[in-house]
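S.K.: Below: one structure in structure tokens.
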Amino acid sequence: MKLELRGITKRFPGVVANDAVDLVIEEGEIHGLLGENGAGKSTLMNILYGLYTADEGEVLIDGEPVTFAGPGDAIDAGIGMVHQHFMLVPVFTVAENITLGVEHTKGLGLLDRRSAEAEVHRLSEEFGLPVDPHAVVEDLPVGVQQRVEILKALHREARLLILDEPTAVLTPQETEDLFRAMRSLKESGRSIVFISHKLKEHKAIVDRISVLRRGRIVGTADPATTSEQELANLMVGRPVGLTVDKADRETGEAVLAVRGITVLDARGKPAVDGVDLDVHRGEIVAIAGVEGNGQTELVRAITGLDPVAGGTIELLGRDVTAFGRKELLRAGVGHIPEDRNREGIVGDFTVAENLVLPMWDAAPFAERGRRRFGAIAEVAEREVDDFDIRTPSIHTTAGSLSGGNAQKVVVAREFARPLDLLVAAQPTRGVDVGSIEYIHRRIVDKRNEGAAVVIVSSELDEVLALADRVAVMFHGRLVGPFPMPVSREAVGLLMAGATPDEAMGATR
Amino acid sequence: MTTPEGPDERQVPPPSPDAASADEPEVRGAEERDREHAAPVHAAAGPMERFVAAVTGTSVVVTILAFVSAMVVGALFIALSEEAVRESMGYFLARPGDALSAAWSVSAEAYGALFRGAVGGAYQLSETGTAAIPLILTGLAVAIPLRAGMFNIGGEGQVIAGGVVAGFVGFAVTGLPFLVHLPLAILAGILGGAAYGFLPGILKARTGAHEVITTIMLNNIAIYVTDYLLSTDRFRLEGRSDPISKTVEASAVLPRIFAGLRLHWGLLLVVVVAVAIWWLLERSTFGFELTAVGKNPDAARAAGMSTGRMIVLGLTLAGALAGLAGGAQILGLQQRITGGFSGGLGFDGITVALLGRGSVGGTVAAGVLFGALKAGGRSMQGATGTSLDLVVVLQALIILFVAAPALVRAIFRIRAQGPATGELAKGWGA
């Protein structure tokens, strides 16, 4: 179907989230929507999906104006949305989830499982989205859960699909699978709105890109003729550096020495299985890997969040295996946690309070149990300036900042104190291009100051841009680290479980 | 989400006049909120967390209006319980004025008596203060764990534990001078309550046992163990068969402030305690750690804070305050331990803390208000025959309205504003 938005304006108190947005999505088109955090992408999609009502403007489907009082109306009109956070019932099967709300029944409201499963099977074949209708959703990998979401929309006969940052949670392989499915959907005449921060993906899959900045459409581009650099500049509104400048640096003594550590998961199985790792002053060791191969657990063990079941961890020659989190942080370890909202910030606390969170009871922020508000404010003001945290004041709650700025709070907090070891997990996840540039520069600065840095990332680009040495986690074991340069292909093969010989050989 | 209420009203930084400037604060549009909306931390928040957030996030205006609403509904109850009003209702359609004026005069009279009974003179003020002393303490005993995201239902048990231990030290230890015996007995009460708060704390920290379950059960244990103790010769007053203990030695009695009035020096203790707790929660590193653990335990842990320690200390401190309340009741008022002497003080504390929105100042104010209702209610019953139970109904109505802020807002047609209500909508709308 052809969808048209005309002059859509949506205001929230104090801010215009969408400002006279015009957007046309043709039938059978994959339309990319690009914009920084807070540019108004999700607001626009929520209006389209009936979650918000626009203050001004109209929505036309195939030339007819429509109004949606809620998502139900939008679904009836043939619009389907796959949210970033899936809306699935974990304990239900794939078929049950897909047919939920429009169940197949026979006489007296009995569920007709067989016909539901047959229907799911048919849809899955038709669009090249392989799923097992009997599988229970909570047992499935994220990529497959996403397929279930897409099938759910297709089962409700969606002719336009909104995919809100669908690749943020996927591995490169899963992303490829998703793109293949998107192409087959497109061939069937369905339209897709594709939202992503990643410029490469837009170049790879979309037919047309609209760029949103501060609530306005600032340009529509043809991905074939527009470079990533041009897109990035358009999106941020100023020239952005997409590559990391990193001078060679002599490495120093070993800061972190991990010897054969094993970490057990909740079921008592080893998630990290006998990992050795040395990281020296002045180097960045990047750990790549498909998520769920033990990187999270490795980081949690190294940073004192979880205990190890075996092996030792040494920091500057001192055995810190039994150290608690607080002792480790105070011993010069910095940690940028993977899940910023959960572990990085306390959303209800102010920016200032979050900036001193791990040092809450230490001088100069406290003295004999008394918090020193003057010192806290002073340091907070300085860090807000130094790290370019865009907040109305240091007394604003951190939870009201945009994702990129919230991440800057975490980065500022860890970087402002002297560190021997920095462990950063997914440091730029969900962060827009401008902030990525900034955070990368800060990480390299820290390395240049002589800290040992460990980066864990599922973004290959990030791994390759930052690493002095690169390692790959696969099934709880660490392969490497290998000194750079290592090719993208080699890392990809290692992530898929190839041996170093195979990986390096295949690409040489 | 389509209504003007809810997360839409979250405050966002105003856009700078120079919209093209790259240095302007990034404006946080709806999309960021939505992302957080669905973030795991909120998805994982249970009904308890959401309830706590809803109560502590309510605005002062809504709280006051909740009180007004409760008074209005309470007036209806008073009116309908009056024979004259019910009779005039019989011919309401013929002469509605009769019923309305009867209802008005009855409820106005009752509330007038209530008011006079609370603040109408020195005696009345003394009674209000006397009633407020334990209520403020048990209110704080709920407000402190609330900071750490815990709901202390065990105030009652902790009051009893404190009262029994304080009373025991009061009558069993003899021959000490006043300046030693009284502080000793008070300290014993504090420690008794603290121990009784420590139990659910350590159970939760070590085993994850939910404090709501354990504190409720510990209440029952305290009640029945006290009944047993009062049946033993060690405790029972000679020559009495009913559950009443020996009399506290004169050297352990909290003295009265004014001759002839029941108000005792426990009042001073309450003032000191309230100031100390305010400082602890608002100004100390302990309070910051406790609050961080309550707001986001994962982030607190990641910052090197000890969630287990805060759970144990939070509940122990709560127990200490409730124990002090129990001790003050025994040493200052009754001078004997009786079966059921706590009379629901611990449960009233929940109401007080909720009305006080979990803050120290609010809890003190709510404690005084409920003390006034208690004192005024007794004199209202005497003066107008309106049942004392009305006060309980009023308390329940206040909490009902406080806990349902959306209802109050609908009644008074106020729009939700500010971050606090964003939290609220997250809680109830998600």
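Following the order of the structure tokens, first chain is A, next is B, and so on, with residues numbered from 1 inside each chain and ligands from 1 in the order they appear.
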Contacts from chain A to chain B, 6 Å maximum, only C-alpha atoms: show me the residue list as a PyMOL selection string.

M.R.: chain A and resi 14+17+38+42-43+52+325-326+342-346+358+361+369-371+390-392+402

S.K.: If you run DSSP on this backbone, which residues of segment 202-335 of chain B come out as helix (DSSP H, G or I), and could you give them as a CSV table (one decimal) with N, CA, C and O atoms, in the first residue's frame?

M.R.:
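Written file, selection.csv:
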```
chain,number,residue,atom,x,y,z
B,202,ILE,N,17.7,-10.0,57.5
B,202,ILE,CA,18.8,-11.0,57.2
B,202,ILE,C,18.1,-12.1,56.4
B,202,ILE,O,18.8,-12.6,55.5
B,203,LEU,N,16.9,-12.4,56.6
B,203,LEU,CA,16.2,-13.4,55.8
B,203,LEU,C,16.1,-13.0,54.4
B,203,LEU,O,16.4,-13.8,53.5
B,204,LYS,N,15.8,-11.7,54.1
B,204,LYS,CA,15.7,-11.3,52.8
B,204,LYS,C,17.1,-11.2,52.1
B,204,LYS,O,17.3,-11.6,51.0
B,205,ALA,N,18.0,-10.7,52.8
B,205,ALA,CA,19.4,-10.5,52.2
B,205,ALA,C,20.0,-11.8,51.9
B,205,ALA,O,20.7,-12.0,50.9
B,206,ARG,N,19.8,-12.8,52.8
B,206,ARG,CA,20.5,-14.1,52.6
B,206,ARG,C,19.8,-15.0,51.7
B,206,ARG,O,20.4,-15.8,50.9
B,207,THR,N,18.5,-15.1,51.9
B,207,THR,CA,17.7,-16.1,51.2
B,207,THR,C,16.7,-15.5,50.2
B,207,THR,O,16.1,-16.3,49.4
B,211,GLU,N,10.1,-9.6,52.4
B,211,GLU,CA,9.8,-9.0,53.7
B,211,GLU,C,8.4,-8.9,54.0
B,211,GLU,O,8.0,-8.9,55.2
B,212,VAL,N,7.5,-8.8,53.0
B,212,VAL,CA,6.1,-8.6,53.3
B,212,VAL,C,5.6,-9.9,54.0
B,212,VAL,O,4.9,-9.9,55.0
B,213,ILE,N,6.0,-11.0,53.5
B,213,ILE,CA,5.6,-12.3,54.0
B,213,ILE,C,6.2,-12.5,55.4
B,213,ILE,O,5.4,-12.7,56.4
B,214,THR,N,7.5,-12.3,55.5
B,214,THR,CA,8.1,-12.6,56.8
B,214,THR,C,7.7,-11.6,57.9
B,214,THR,O,7.4,-12.1,59.0
B,215,THR,N,7.5,-10.3,57.6
B,215,THR,CA,7.1,-9.4,58.6
B,215,THR,C,5.7,-9.7,59.1
B,215,THR,O,5.4,-9.5,60.3
B,216,ILE,N,4.8,-10.1,58.2
B,216,ILE,CA,3.4,-10.4,58.6
B,216,ILE,C,3.4,-11.5,59.6
B,216,ILE,O,2.8,-11.5,60.6
B,217,MET,N,4.2,-12.5,59.2
B,217,MET,CA,4.3,-13.7,60.1
B,217,MET,C,4.9,-13.4,61.4
B,217,MET,O,4.4,-13.8,62.5
B,218,LEU,N,5.9,-12.6,61.4
B,218,LEU,CA,6.6,-12.2,62.7
B,218,LEU,C,5.6,-11.4,63.5
B,218,LEU,O,5.7,-11.4,64.8
B,219,ASN,N,4.7,-10.6,62.9
B,219,ASN,CA,3.7,-9.9,63.7
B,219,ASN,C,2.9,-10.9,64.6
B,219,ASN,O,2.7,-10.7,65.8
B,220,ASN,N,2.5,-12.0,64.0
B,220,ASN,CA,1.7,-13.0,64.7
B,220,ASN,C,2.5,-13.6,65.8
B,220,ASN,O,2.0,-13.9,66.9
B,221,ILE,N,3.8,-13.9,65.5
B,221,ILE,CA,4.6,-14.5,66.5
B,221,ILE,C,4.8,-13.6,67.7
B,221,ILE,O,4.6,-14.0,68.8
B,222,ALA,N,5.0,-12.3,67.4
B,222,ALA,CA,5.1,-11.4,68.5
B,222,ALA,C,3.9,-11.3,69.4
B,222,ALA,O,3.9,-11.3,70.6
B,223,ILE,N,2.7,-11.3,68.7
B,223,ILE,CA,1.5,-11.2,69.5
B,223,ILE,C,1.3,-12.4,70.4
B,223,ILE,O,1.0,-12.2,71.6
B,224,TYR,N,1.5,-13.6,69.8
B,224,TYR,CA,1.2,-14.8,70.6
B,224,TYR,C,2.3,-15.1,71.7
B,224,TYR,O,2.0,-15.6,72.7
B,225,VAL,N,3.5,-14.8,71.3
B,225,VAL,CA,4.6,-14.9,72.3
B,225,VAL,C,4.3,-14.0,73.5
B,225,VAL,O,4.5,-14.4,74.7
B,226,THR,N,3.9,-12.8,73.2
B,226,THR,CA,3.6,-11.8,74.3
B,226,THR,C,2.4,-12.4,75.2
B,226,THR,O,2.5,-12.3,76.4
B,227,ASP,N,1.4,-12.9,74.5
B,227,ASP,CA,0.3,-13.5,75.3
B,227,ASP,C,0.8,-14.6,76.2
B,227,ASP,O,0.4,-14.7,77.4
B,228,TYR,N,1.8,-15.4,75.7
B,228,TYR,CA,2.3,-16.5,76.5
B,228,TYR,C,3.1,-15.9,77.6
B,228,TYR,O,2.9,-16.3,78.8
B,229,LEU,N,4.0,-14.9,77.3
B,229,LEU,CA,4.8,-14.3,78.4
B,229,LEU,C,3.9,-13.8,79.5
B,229,LEU,O,4.2,-13.9,80.7
B,250,ALA,N,9.2,3.1,89.1
B,250,ALA,CA,9.1,4.5,88.9
B,250,ALA,C,10.3,5.1,88.3
B,250,ALA,O,10.2,6.1,87.5
B,251,SER,N,11.5,4.4,88.5
B,251,SER,CA,12.7,5.0,87.9
B,251,SER,C,12.8,4.8,86.4
B,251,SER,O,13.8,5.2,85.8
B,252,ALA,N,11.9,4.0,85.8
B,252,ALA,CA,12.0,3.7,84.4
B,252,ALA,C,10.8,4.4,83.7
B,252,ALA,O,10.6,4.1,82.5
B,266,GLY,N,8.4,11.5,75.7
B,266,GLY,CA,8.6,10.8,74.5
B,266,GLY,C,8.5,11.7,73.3
B,266,GLY,O,9.2,11.5,72.2
B,267,LEU,N,7.8,12.8,73.5
B,267,LEU,CA,7.7,13.8,72.4
B,267,LEU,C,9.1,14.3,72.0
B,267,LEU,O,9.3,14.5,70.8
B,268,LEU,N,9.9,14.6,73.0
B,268,LEU,CA,11.2,15.1,72.7
B,268,LEU,C,12.0,14.1,71.9
B,268,LEU,O,12.7,14.4,71.0
B,269,LEU,N,11.9,12.8,72.4
B,269,LEU,CA,12.6,11.7,71.7
B,269,LEU,C,12.2,11.7,70.2
B,269,LEU,O,13.0,11.5,69.3
B,270,VAL,N,10.9,11.9,69.9
B,270,VAL,CA,10.4,11.8,68.6
B,270,VAL,C,11.0,12.9,67.7
B,270,VAL,O,11.4,12.7,66.6
B,271,VAL,N,11.0,14.1,68.3
B,271,VAL,CA,11.6,15.3,67.6
B,271,VAL,C,13.1,15.0,67.2
B,271,VAL,O,13.5,15.2,66.1
B,272,VAL,N,13.8,14.5,68.2
B,272,VAL,CA,15.2,14.2,68.0
B,272,VAL,C,15.4,13.1,66.9
B,272,VAL,O,16.2,13.3,66.0
B,273,VAL,N,14.6,12.1,67.1
B,273,VAL,CA,14.7,11.0,66.1
B,273,VAL,C,14.3,11.5,64.7
B,273,VAL,O,15.0,11.1,63.7
B,274,ALA,N,13.3,12.3,64.6
B,274,ALA,CA,12.8,12.7,63.3
B,274,ALA,C,13.9,13.5,62.6
B,274,ALA,O,14.2,13.3,61.4
B,275,VAL,N,14.6,14.4,63.4
B,275,VAL,CA,15.6,15.2,62.8
B,275,VAL,C,16.8,14.3,62.4
B,275,VAL,O,17.4,14.5,61.3
B,276,ALA,N,17.1,13.4,63.2
B,276,ALA,CA,18.2,12.5,63.0
B,276,ALA,C,18.0,11.7,61.7
B,276,ALA,O,18.8,11.5,60.8
B,277,ILE,N,16.8,11.2,61.6
B,277,ILE,CA,16.4,10.3,60.4
B,277,ILE,C,16.4,11.2,59.2
B,277,ILE,O,16.9,10.7,58.1
B,278,TRP,N,15.9,12.4,59.3
B,278,TRP,CA,15.9,13.3,58.1
B,278,TRP,C,17.4,13.5,57.6
B,278,TRP,O,17.7,13.3,56.5
B,279,TRP,N,18.3,13.7,58.6
B,279,TRP,CA,19.7,14.0,58.2
B,279,TRP,C,20.2,12.7,57.6
B,279,TRP,O,20.9,12.7,56.6
B,280,LEU,N,19.9,11.6,58.2
B,280,LEU,CA,20.4,10.3,57.7
B,280,LEU,C,20.0,10.0,56.3
B,280,LEU,O,20.8,9.6,55.4
B,281,LEU,N,18.7,10.3,56.0
B,281,LEU,CA,18.2,10.0,54.7
B,281,LEU,C,18.6,11.0,53.6
B,281,LEU,O,18.9,10.6,52.5
B,282,GLU,N,18.6,12.2,54.0
B,282,GLU,CA,18.8,13.3,53.0
B,282,GLU,C,20.3,13.8,52.9
B,282,GLU,O,20.7,14.4,51.9
B,283,ARG,N,21.1,13.6,54.0
B,283,ARG,CA,22.4,14.2,54.0
B,283,ARG,C,23.5,13.2,54.1
B,283,ARG,O,24.7,13.6,53.9
B,285,THR,N,25.8,9.6,53.6
B,285,THR,CA,26.1,8.6,52.5
B,285,THR,C,25.2,7.3,52.7
B,285,THR,O,24.9,6.7,51.7
B,286,PHE,N,24.9,7.0,54.0
B,286,PHE,CA,24.0,5.9,54.2
B,286,PHE,C,22.7,6.1,53.5
B,286,PHE,O,22.2,5.2,52.8
B,287,GLY,N,22.1,7.3,53.7
B,287,GLY,CA,20.8,7.5,53.0
B,287,GLY,C,20.9,7.5,51.5
B,287,GLY,O,20.0,6.9,50.8
B,288,PHE,N,22.0,7.9,51.0
B,288,PHE,CA,22.2,7.9,49.5
B,288,PHE,C,22.2,6.5,49.0
B,288,PHE,O,21.6,6.1,48.0
B,289,GLU,N,23.0,5.7,49.8
B,289,GLU,CA,23.2,4.3,49.4
B,289,GLU,C,21.8,3.5,49.5
B,289,GLU,O,21.4,2.8,48.6
B,290,LEU,N,21.1,3.8,50.6
B,290,LEU,CA,19.8,3.2,50.8
B,290,LEU,C,18.8,3.5,49.7
B,290,LEU,O,18.2,2.7,49.1
B,291,THR,N,18.8,4.8,49.3
B,291,THR,CA,17.9,5.3,48.2
B,291,THR,C,18.3,4.7,46.9
B,291,THR,O,17.5,4.3,46.1
B,292,ALA,N,19.6,4.6,46.6
B,292,ALA,CA,20.1,4.1,45.4
B,292,ALA,C,19.7,2.6,45.2
B,292,ALA,O,19.2,2.2,44.2
B,293,VAL,N,19.8,1.9,46.3
B,293,VAL,CA,19.4,0.5,46.3
B,293,VAL,C,17.9,0.4,46.1
B,293,VAL,O,17.5,-0.5,45.3
B,294,GLY,N,17.2,1.3,46.6
B,294,GLY,CA,15.7,1.2,46.4
B,294,GLY,C,15.3,1.6,45.0
B,294,GLY,O,14.4,1.1,44.4
B,295,LYS,N,16.0,2.6,44.4
B,295,LYS,CA,15.7,3.1,43.1
B,295,LYS,C,16.1,2.1,42.0
B,295,LYS,O,15.4,2.0,41.0
B,297,PRO,N,18.5,-1.3,42.2
B,297,PRO,CA,19.5,-2.2,42.9
B,297,PRO,C,20.6,-2.6,42.0
B,297,PRO,O,21.8,-2.8,42.5
B,298,ASP,N,20.4,-2.8,40.7
B,298,ASP,CA,21.4,-3.3,39.8
B,298,ASP,C,22.5,-2.2,39.7
B,298,ASP,O,23.7,-2.5,39.8
B,299,ALA,N,22.1,-1.0,39.5
B,299,ALA,CA,23.0,0.1,39.3
B,299,ALA,C,23.8,0.3,40.6
B,299,ALA,O,25.0,0.7,40.7
B,300,ALA,N,23.1,0.2,41.7
B,300,ALA,CA,23.7,0.4,43.1
B,300,ALA,C,24.8,-0.6,43.2
B,300,ALA,O,25.9,-0.3,43.7
B,301,ARG,N,24.5,-1.9,42.9
B,301,ARG,CA,25.5,-2.9,43.0
B,301,ARG,C,26.7,-2.7,42.1
B,301,ARG,O,27.8,-2.8,42.5
B,302,ALA,N,26.4,-2.2,40.9
B,302,ALA,CA,27.4,-1.9,39.9
B,302,ALA,C,28.3,-0.8,40.4
B,302,ALA,O,29.4,-0.7,40.0
B,307,THR,N,23.8,-4.2,48.4
B,307,THR,CA,22.4,-4.2,48.5
B,307,THR,C,21.9,-5.0,49.8
B,307,THR,O,21.0,-4.6,50.5
B,308,GLY,N,22.6,-6.1,50.0
B,308,GLY,CA,22.3,-6.9,51.2
B,308,GLY,C,22.4,-6.1,52.5
B,308,GLY,O,21.5,-6.2,53.4
B,309,ARG,N,23.5,-5.4,52.6
B,309,ARG,CA,23.7,-4.6,53.8
B,309,ARG,C,22.6,-3.6,54.0
B,309,ARG,O,22.1,-3.3,55.1
B,310,MET,N,22.2,-2.9,52.9
B,310,MET,CA,21.2,-1.9,53.0
B,310,MET,C,19.9,-2.5,53.4
B,310,MET,O,19.1,-1.9,54.2
B,311,ILE,N,19.6,-3.7,52.9
B,311,ILE,CA,18.3,-4.4,53.2
B,311,ILE,C,18.3,-4.7,54.7
B,311,ILE,O,17.3,-4.4,55.4
B,312,VAL,N,19.4,-5.2,55.2
B,312,VAL,CA,19.5,-5.6,56.6
B,312,VAL,C,19.4,-4.3,57.5
B,312,VAL,O,18.6,-4.2,58.4
B,313,LEU,N,20.2,-3.3,57.2
B,313,LEU,CA,20.3,-2.1,58.0
B,313,LEU,C,18.9,-1.3,57.9
B,313,LEU,O,18.5,-0.8,58.9
B,314,GLY,N,18.3,-1.3,56.7
B,314,GLY,CA,17.1,-0.5,56.6
B,314,GLY,C,16.0,-1.1,57.5
B,314,GLY,O,15.3,-0.4,58.2
B,315,LEU,N,15.9,-2.4,57.5
B,315,LEU,CA,14.8,-3.0,58.3
B,315,LEU,C,15.2,-3.0,59.8
B,315,LEU,O,14.3,-2.9,60.6
B,316,THR,N,16.5,-3.1,60.1
B,316,THR,CA,16.9,-3.1,61.5
B,316,THR,C,16.6,-1.7,62.0
B,316,THR,O,16.0,-1.5,63.2
B,317,LEU,N,16.9,-0.7,61.3
B,317,LEU,CA,16.7,0.7,61.7
B,317,LEU,C,15.1,0.9,61.9
B,317,LEU,O,14.7,1.5,62.9
B,318,ALA,N,14.4,0.4,60.9
B,318,ALA,CA,12.9,0.5,61.0
B,318,ALA,C,12.5,-0.1,62.3
B,318,ALA,O,11.6,0.4,63.1
B,319,GLY,N,13.0,-1.3,62.6
B,319,GLY,CA,12.6,-2.1,63.8
B,319,GLY,C,12.9,-1.3,65.0
B,319,GLY,O,12.2,-1.2,66.0
B,320,ALA,N,14.1,-0.6,65.0
B,320,ALA,CA,14.6,0.2,66.2
B,320,ALA,C,13.5,1.3,66.5
B,320,ALA,O,13.2,1.5,67.6
B,321,LEU,N,13.1,2.0,65.4
B,321,LEU,CA,12.1,3.1,65.6
B,321,LEU,C,10.8,2.5,66.1
B,321,LEU,O,10.2,3.1,67.0
B,322,ALA,N,10.3,1.4,65.5
B,322,ALA,CA,9.1,0.9,66.0
B,322,ALA,C,9.2,0.4,67.4
B,322,ALA,O,8.3,0.5,68.3
B,323,GLY,N,10.4,-0.2,67.7
B,323,GLY,CA,10.7,-0.6,69.1
B,323,GLY,C,10.6,0.5,70.1
B,323,GLY,O,10.1,0.4,71.2
B,324,LEU,N,11.2,1.7,69.6
B,324,LEU,CA,11.1,2.9,70.5
B,324,LEU,C,9.7,3.3,70.7
B,324,LEU,O,9.3,3.7,71.8
B,325,ALA,N,8.8,3.2,69.7
B,325,ALA,CA,7.4,3.5,69.8
B,325,ALA,C,6.8,2.6,70.9
B,325,ALA,O,6.1,3.1,71.8
B,326,GLY,N,7.1,1.3,70.8
B,326,GLY,CA,6.5,0.4,71.8
B,326,GLY,C,7.0,0.7,73.2
B,326,GLY,O,6.3,0.7,74.1
B,327,GLY,N,8.3,1.0,73.3
B,327,GLY,CA,8.9,1.4,74.6
B,327,GLY,C,8.3,2.6,75.2
B,327,GLY,O,7.9,2.7,76.3
B,328,ALA,N,8.0,3.6,74.3
B,328,ALA,CA,7.4,4.9,74.8
B,328,ALA,C,6.0,4.6,75.2
B,328,ALA,O,5.6,5.2,76.2
B,329,GLN,N,5.3,3.7,74.5
B,329,GLN,CA,3.9,3.5,75.0
B,329,GLN,C,3.9,2.8,76.4
B,329,GLN,O,3.1,3.2,77.2
B,330,ILE,N,4.8,1.9,76.6
B,330,ILE,CA,4.8,1.2,77.9
B,330,ILE,C,5.4,2.1,79.0
B,330,ILE,O,4.8,2.3,80.0
B,331,LEU,N,6.5,2.7,78.7
B,331,LEU,CA,7.2,3.5,79.7
B,331,LEU,C,6.5,4.8,80.0
B,331,LEU,O,6.6,5.4,81.1
B,332,GLY,N,5.9,5.4,78.9
B,332,GLY,CA,5.4,6.7,79.1
B,332,GLY,C,3.9,6.7,79.4
B,332,GLY,O,3.4,7.7,80.0
B,333,LEU,N,3.2,5.7,79.0
B,333,LEU,CA,1.7,5.8,79.0
B,333,LEU,C,1.1,4.7,79.9
B,333,LEU,O,0.5,5.0,80.9
B,334,GLN,N,1.4,3.5,79.6
B,334,GLN,CA,0.7,2.4,80.3
B,334,GLN,C,1.4,1.9,81.6
B,334,GLN,O,0.7,1.4,82.5
```

S.K.: Could you pull out all residues of segment 266-497 of chain A with a DSSP call of strand (DSSP E) and give them as JSON, numbers by chain?

M.R.: {"A": [270, 271, 272, 273, 274, 275, 276, 277, 278, 279, 280, 284, 285, 286, 287, 288, 310, 311, 312, 313, 314, 315, 318, 319, 333, 334, 335, 336, 366, 367, 370, 371, 421, 422, 423, 424, 425, 452, 453, 454, 455, 456, 469, 470, 471, 472, 473, 474, 477, 478, 479, 480, 481, 482, 483]}

S.K.: What is the atom CA of Ser81 of chain B to atom CA of Leu390 of chain B distance in Å?

M.R.: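 Straight-line distance from atom CA of Ser81 of chain B to atom CA of Leu390 of chain B works out to 10.1 Å.
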
S.K.: If I take atom CA of Lys41 of chain A and atom CA of Asn18 of chain A, how far is one from the other in Å, to one decimal?

M.R.: 8.4 Å

S.K.: Pick out the residues sitting within 7 Å of Glu4 of chain A, and hand them over as an MDAnalysis selection string; count only C-alpha atoms, and ignore anything fewer than 5 positions along from it in its own chain.

M.R.: chainID A and resid 23:25 59:61

S.K.: Quote the spacing between atom CA of Ala362 of chain A and atom CA of Ile376 of chain A in Å to one decimal place.

M.R.: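 If I compute the distance from atom CA of Ala362 of chain A to atom CA of Ile376 of chain A, I get 11.0 Å.
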
S.K.: Excluding Ser458 of chain A and any residue of its chain fewer than 6 positions from it, enumerate the residues within 8 Å of it, using only C-alpha atoms, and give them as a list of chain:residue names.

M.R.: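 My list of contacting residues is A:Thr171, A:Ala288, A:Gly289, A:Val290, A:Glu291, A:Gln426.
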
S.K.: May I have the residues within 7 Å of segment 305-321 of chain A as a list in words, using only C-alpha atoms and disregarding those fewer than 3 positions away in the same chain?

M.R.: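 The filter keeps Ala254, Val255, Leu256, Ala257, Val258, Arg259, Gly260, Ile261, Thr262, Val263, Leu264, Arg300, Ala301 and Arg325 of chain A; Ala302 of chain B.
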
S.K.: Please, could you write that set of residues out with C-alpha atoms as a short mmCIF file (atom, residue, chain, number, x, y, z; two decimals), in the first residue's frame?

M.R.:
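Contents of result-v1.cif, as written:
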```cif
data_model
loop_
_atom_site.label_atom_id
_atom_site.label_comp_id
_atom_site.auth_asym_id
_atom_site.auth_seq_id
_atom_site.Cartn_x
_atom_site.Cartn_y
_atom_site.Cartn_z
CA ALA A 254 50.63 -6.11 32.10
CA VAL A 255 47.78 -4.53 34.05
CA LEU A 256 45.29 -7.36 33.86
CA ALA A 257 46.35 -10.99 33.97
CA VAL A 258 43.52 -13.49 33.78
CA ARG A 259 44.49 -17.12 34.26
CA GLY A 260 42.12 -19.94 33.40
CA ILE A 261 38.98 -18.40 34.83
CA THR A 262 35.71 -20.23 34.69
CA VAL A 263 32.35 -18.61 35.37
CA LEU A 264 29.19 -20.63 35.80
CA ARG A 300 31.17 -9.37 35.04
CA ALA A 301 33.82 -11.62 36.54
CA ARG A 325 33.00 -4.84 43.34
CA ALA B 302 27.43 -1.95 39.93
#
```

S.K.: Segment 323-412 of chain B near segment 129-146 of chain B within 8 Å: what's each residue's closest atom pair and its distance in Å to one decimal, counting only C-alpha atoms, ordered by chain then ascending residue number, as a Markdown table?

M.R.:
```
| residue | atom | partner | partner_atom | distance |
| --- | --- | --- | --- | --- |
| B:Leu324 | CA | B:Leu137 | CA | 7.4 |
| B:Ala325 | CA | B:Pro134 | CA | 4.6 |
| B:Gly326 | CA | B:Pro134 | CA | 7.3 |
| B:Ala328 | CA | B:Pro134 | CA | 7.3 |
| B:Gln329 | CA | B:Pro134 | CA | 7.2 |
| B:Leu345 | CA | B:Leu135 | CA | 6.4 |
| B:Gly346 | CA | B:Thr138 | CA | 5.6 |
| B:Asp348 | CA | B:Leu135 | CA | 6.8 |
| B:Gly349 | CA | B:Gly139 | CA | 3.9 |
| B:Ile350 | CA | B:Val142 | CA | 5.8 |
| B:Thr351 | CA | B:Gly139 | CA | 7.5 |
| B:Val352 | CA | B:Gly139 | CA | 5.1 |
| B:Ala353 | CA | B:Gly139 | CA | 4.6 |
| B:Leu354 | CA | B:Ala143 | CA | 7.8 |
| B:Gly358 | CA | B:Ala143 | CA | 4.6 |
| B:Ser359 | CA | B:Ala143 | CA | 6.7 |
| B:Val360 | CA | B:Leu140 | CA | 6.9 |
| B:Thr363 | CA | B:Gly139 | CA | 6.0 |
| B:Val364 | CA | B:Ile136 | CA | 5.4 |
| B:Ala366 | CA | B:Ile136 | CA | 7.7 |
| B:Gly367 | CA | B:Ile136 | CA | 4.6 |
| B:Val368 | CA | B:Ala132 | CA | 5.0 |
| B:Leu369 | CA | B:Ala132 | CA | 7.7 |
| B:Phe370 | CA | B:Ala132 | CA | 6.9 |
| B:Gly371 | CA | B:Ala132 | CA | 4.2 |
| B:Ala372 | CA | B:Ala132 | CA | 7.4 |
| B:Lys374 | CA | B:Ala131 | CA | 6.8 |
| B:Ala375 | CA | B:Ala131 | CA | 6.8 |
```
